[in-house]
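**Q** What follows is a single structure, and I will ask about it in a moment.
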Amino acid sequence: MSKYCWCIDAGHAKSTPGKRSPLFPDGKTRLYEWEINRKIAAKLMYKLAEGGTKYFEVTPEDDVDLPLSRRANRVNAHNCGKPKMFISIHINAGPSPEWSSANGWEVYTTRGVTNSDKIAEIFFDEHKKAFPEMRMRSDKSDGDSDKEADFTIIKSVSCPAILTENFFMTNLEEATLLLTDAFQERIADAHYRAILRCEKL
């Protein structure tokens, strides 16, 4: 029986402007962040269901992007009978809409020392083990690996919350991998293993 209820948020939706890769060299292919986020989230929720770990799907299957305030309200209002944990799944992008060398995986919490830091450290560790060939982007200035930012979604939920940035859609090598089912499965599996470790906290 799970100790927590894991609130799974797949960032963005089909209607979200931007949030896509540059056009691939074939002149036809493009990665859309919302689509890959949904696929990773679906794979993760399948694993949670199979393992008997309680979860709540924050982002409904809809083409219209659910505003951040409504996403947070869905989490805060949901009564699952257990303490809640929140994960928002995203893909990173460079400052330019063109292909760039920016790469790697990272996890965010809100600013300051919070209970979310412990969760983020476990997620960082599991992804570092799952992707030894990839760069792990961290900020060790405060003694742990997570990066900190005032992202609205993780500030607005009333429970420990993290936001994962699962590699770069503006990096051609990583974007090519992100389009594959096998790579999406690796990301979902690393999230799942991290959740199982957090369940023991």
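In the structure tokens, chains take letters A, B, ... by order of appearance, with residues numbered from 1 within each chain and ligands from 1 in the order shown.
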Counting only C-alpha atoms, what are the residues of range 47-135 of chain A within 8 Å of range 186-190 of chain A, and for each of them which pair of atoms is the nearest and at what distance in Å, to one decimal? Sort the table by chain and rising number, as a Markdown table.

**A**
```
| residue | atom | partner | partner_atom | distance |
| --- | --- | --- | --- | --- |
| A:Lys47 | CA | A:Asp189 | CA | 7.9 |
| A:Phe123 | CA | A:Ala190 | CA | 7.6 |
| A:Glu126 | CA | A:Ala190 | CA | 5.7 |
| A:His127 | CA | A:Ala190 | CA | 5.6 |
| A:Ala130 | CA | A:Ala190 | CA | 6.2 |
```

**Q** What would the file look like if the residues just selected were written as a JSON list (two decimals), in the first residue's frame with N, CA, C and O atoms?

**A**
```json
[["chain", "number", "residue", "atom", "x", "y", "z"],
["A", 47, "LYS", "N", 2.92, 2.44, -14.71],
["A", 47, "LYS", "CA", 3.80, 1.75, -13.76],
["A", 47, "LYS", "C", 3.27, 1.90, -12.33],
["A", 47, "LYS", "O", 3.31, 0.95, -11.54],
["A", 123, "PHE", "N", 15.22, 12.03, -7.07],
["A", 123, "PHE", "CA", 14.97, 12.02, -8.52],
["A", 123, "PHE", "C", 16.26, 12.27, -9.30],
["A", 123, "PHE", "O", 16.51, 11.62, -10.32],
["A", 126, "GLU", "N", 18.37, 9.03, -9.19],
["A", 126, "GLU", "CA", 17.86, 7.95, -10.03],
["A", 126, "GLU", "C", 18.07, 8.24, -11.52],
["A", 126, "GLU", "O", 18.36, 7.32, -12.29],
["A", 127, "HIS", "N", 17.97, 9.48, -11.92],
["A", 127, "HIS", "CA", 18.21, 9.80, -13.33],
["A", 127, "HIS", "C", 19.70, 9.77, -13.66],
["A", 127, "HIS", "O", 20.07, 9.39, -14.77],
["A", 130, "ALA", "N", 20.25, 6.21, -14.23],
["A", 130, "ALA", "CA", 19.55, 5.71, -15.42],
["A", 130, "ALA", "C", 20.18, 6.21, -16.72],
["A", 130, "ALA", "O", 20.07, 5.55, -17.76]]
```

**Q** Where in range 12-166 of chain A does DSSP assign alpha helix (DSSP H), given as an MDAnalysis selection string?

**A** chainID A and resid 33:51 68:77 116:130 152:156

**Q** Out of range 44-168 of chain A, which residues get strand (DSSP E) from DSSP, as a PyMOL selection string?

**A** chain A and resi 55-57+84-92+105-109+147-148+161-168

**Q** Could you list, with a cut-off of 6 Å and counting only C-alpha atoms, the residues of range 12-104 of chain A near range 146-167 of chain A, each shown with its nearest atom pair and the distance in Å rounded to one decimal, rows sorted by chain and ascending number, as a Markdown table?

**A**
```
| residue | atom | partner | partner_atom | distance |
| --- | --- | --- | --- | --- |
| A:Leu68 | CA | A:Ile153 | CA | 5.7 |
| A:Ala72 | CA | A:Val157 | CA | 5.1 |
| A:Asn76 | CA | A:Ser158 | CA | 6.0 |
| A:Lys84 | CA | A:Cys159 | CA | 5.9 |
| A:Met85 | CA | A:Pro160 | CA | 5.4 |
| A:Phe86 | CA | A:Ala161 | CA | 4.5 |
| A:Ile87 | CA | A:Ile162 | CA | 5.2 |
| A:Ser88 | CA | A:Leu163 | CA | 4.6 |
| A:Ile89 | CA | A:Thr164 | CA | 5.3 |
| A:His90 | CA | A:Glu165 | CA | 4.9 |
| A:Ile91 | CA | A:Asn166 | CA | 4.8 |
| A:Asn92 | CA | A:Glu165 | CA | 5.3 |
| A:Gly104 | CA | A:Phe167 | CA | 4.9 |
```

**Q** Considering only C-alpha atoms, return as an mmCIF file with N, CA, C and O atoms, in the first residue's frame whatever protein or nucleic-acid residues lie within 10 Å of range 96-98 of chain A, sequence-local ones (same chain, fewer than 5 positions apart) excluded.

**A**
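Generated output (out-v8.cif):
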```cif
data_model
loop_
_atom_site.group_PDB
_atom_site.id
_atom_site.type_symbol
_atom_site.label_atom_id
_atom_site.label_comp_id
_atom_site.auth_asym_id
_atom_site.auth_seq_id
_atom_site.Cartn_x
_atom_site.Cartn_y
_atom_site.Cartn_z
ATOM 1 N N GLY A 18 4.260 27.868 -29.109
ATOM 2 C CA GLY A 18 5.677 27.545 -28.936
ATOM 3 C C GLY A 18 5.828 26.131 -28.417
ATOM 4 O O GLY A 18 5.109 25.218 -28.805
ATOM 5 N N LYS A 19 6.766 25.939 -27.491
ATOM 6 C CA LYS A 19 6.983 24.650 -26.836
ATOM 7 C C LYS A 19 7.138 23.526 -27.858
ATOM 8 O O LYS A 19 6.445 22.505 -27.801
ATOM 9 N N ARG A 20 8.038 23.719 -28.788
ATOM 10 C CA ARG A 20 8.292 22.710 -29.820
ATOM 11 C C ARG A 20 9.741 22.814 -30.271
ATOM 12 O O ARG A 20 10.402 23.828 -30.041
ATOM 13 N N SER A 21 10.210 21.761 -30.881
ATOM 14 C CA SER A 21 11.585 21.759 -31.389
ATOM 15 C C SER A 21 11.664 22.532 -32.693
ATOM 16 O O SER A 21 10.633 22.792 -33.341
ATOM 17 N N PRO A 22 12.872 22.879 -33.114
ATOM 18 C CA PRO A 22 13.023 23.352 -34.494
ATOM 19 C C PRO A 22 12.656 22.216 -35.454
ATOM 20 O O PRO A 22 12.534 21.051 -35.047
ATOM 21 N N LEU A 23 12.492 22.543 -36.691
ATOM 22 C CA LEU A 23 12.215 21.530 -37.699
ATOM 23 C C LEU A 23 13.446 20.645 -37.868
ATOM 24 O O LEU A 23 14.577 21.141 -37.951
ATOM 25 N N MET A 169 14.626 19.719 -26.098
ATOM 26 C CA MET A 169 14.028 19.533 -27.416
ATOM 27 C C MET A 169 14.698 20.420 -28.462
ATOM 28 O O MET A 169 14.421 20.291 -29.660
ATOM 29 N N THR A 170 15.586 21.332 -28.019
ATOM 30 C CA THR A 170 16.326 22.169 -28.963
ATOM 31 C C THR A 170 17.742 21.653 -29.199
ATOM 32 O O THR A 170 18.560 22.334 -29.805
ATOM 33 N N ASN A 171 18.025 20.467 -28.677
ATOM 34 C CA ASN A 171 19.284 19.779 -28.954
ATOM 35 C C ASN A 171 18.944 18.616 -29.890
ATOM 36 O O ASN A 171 18.139 17.743 -29.528
ATOM 37 N N LEU A 172 19.525 18.597 -31.072
ATOM 38 C CA LEU A 172 19.104 17.627 -32.092
ATOM 39 C C LEU A 172 19.280 16.189 -31.617
ATOM 40 O O LEU A 172 18.392 15.351 -31.828
#
```

**Q** What does the distance from CA of Thr59 in chain A to CA of Asp9 in chain A come to in Å, to one decimal?

**A**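 Between CA of Thr59 in chain A and CA of Asp9 in chain A the gap is 5.5 Å.
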
**Q** Compare A:Ile36, A:Cys5, A:Val58, A:Ala194 by their minimum atom-to-atom distance to Lys129 in chain A, counting only C-alpha atoms, and give me the closest one.

**A**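 The closest residue to Lys129 in chain A is A:Ala194.
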
**Q** For each of A:Lys82, A:His191, A:Lys39, A:Lys118, take the minimum atom-to-atom distance to Gly11 in chain A, counting only C-alpha atoms, then give the residue where this is smallest.

**A** A:Lys39

**Q** Quick one: residues within 12 Å of Asp62 in chain A, only C-alpha atoms counted, chain neighbours fewer than 4 positions away excluded, as a PyMOL selection string?

**A** chain A and resi 10+12-16+34-35+38+58+66

**Q** Please compute the CA of Ala120 in chain A-CA of Arg135 in chain A distance, one decimal, in Å.

**A** 16.5 Å

**Q** What does the distance from CA of Arg30 in chain A to CA of Lys43 in chain A come to in Å, to one decimal?

**A**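 According to the coordinates, CA of Arg30 in chain A and CA of Lys43 in chain A are separated by 21.4 Å.
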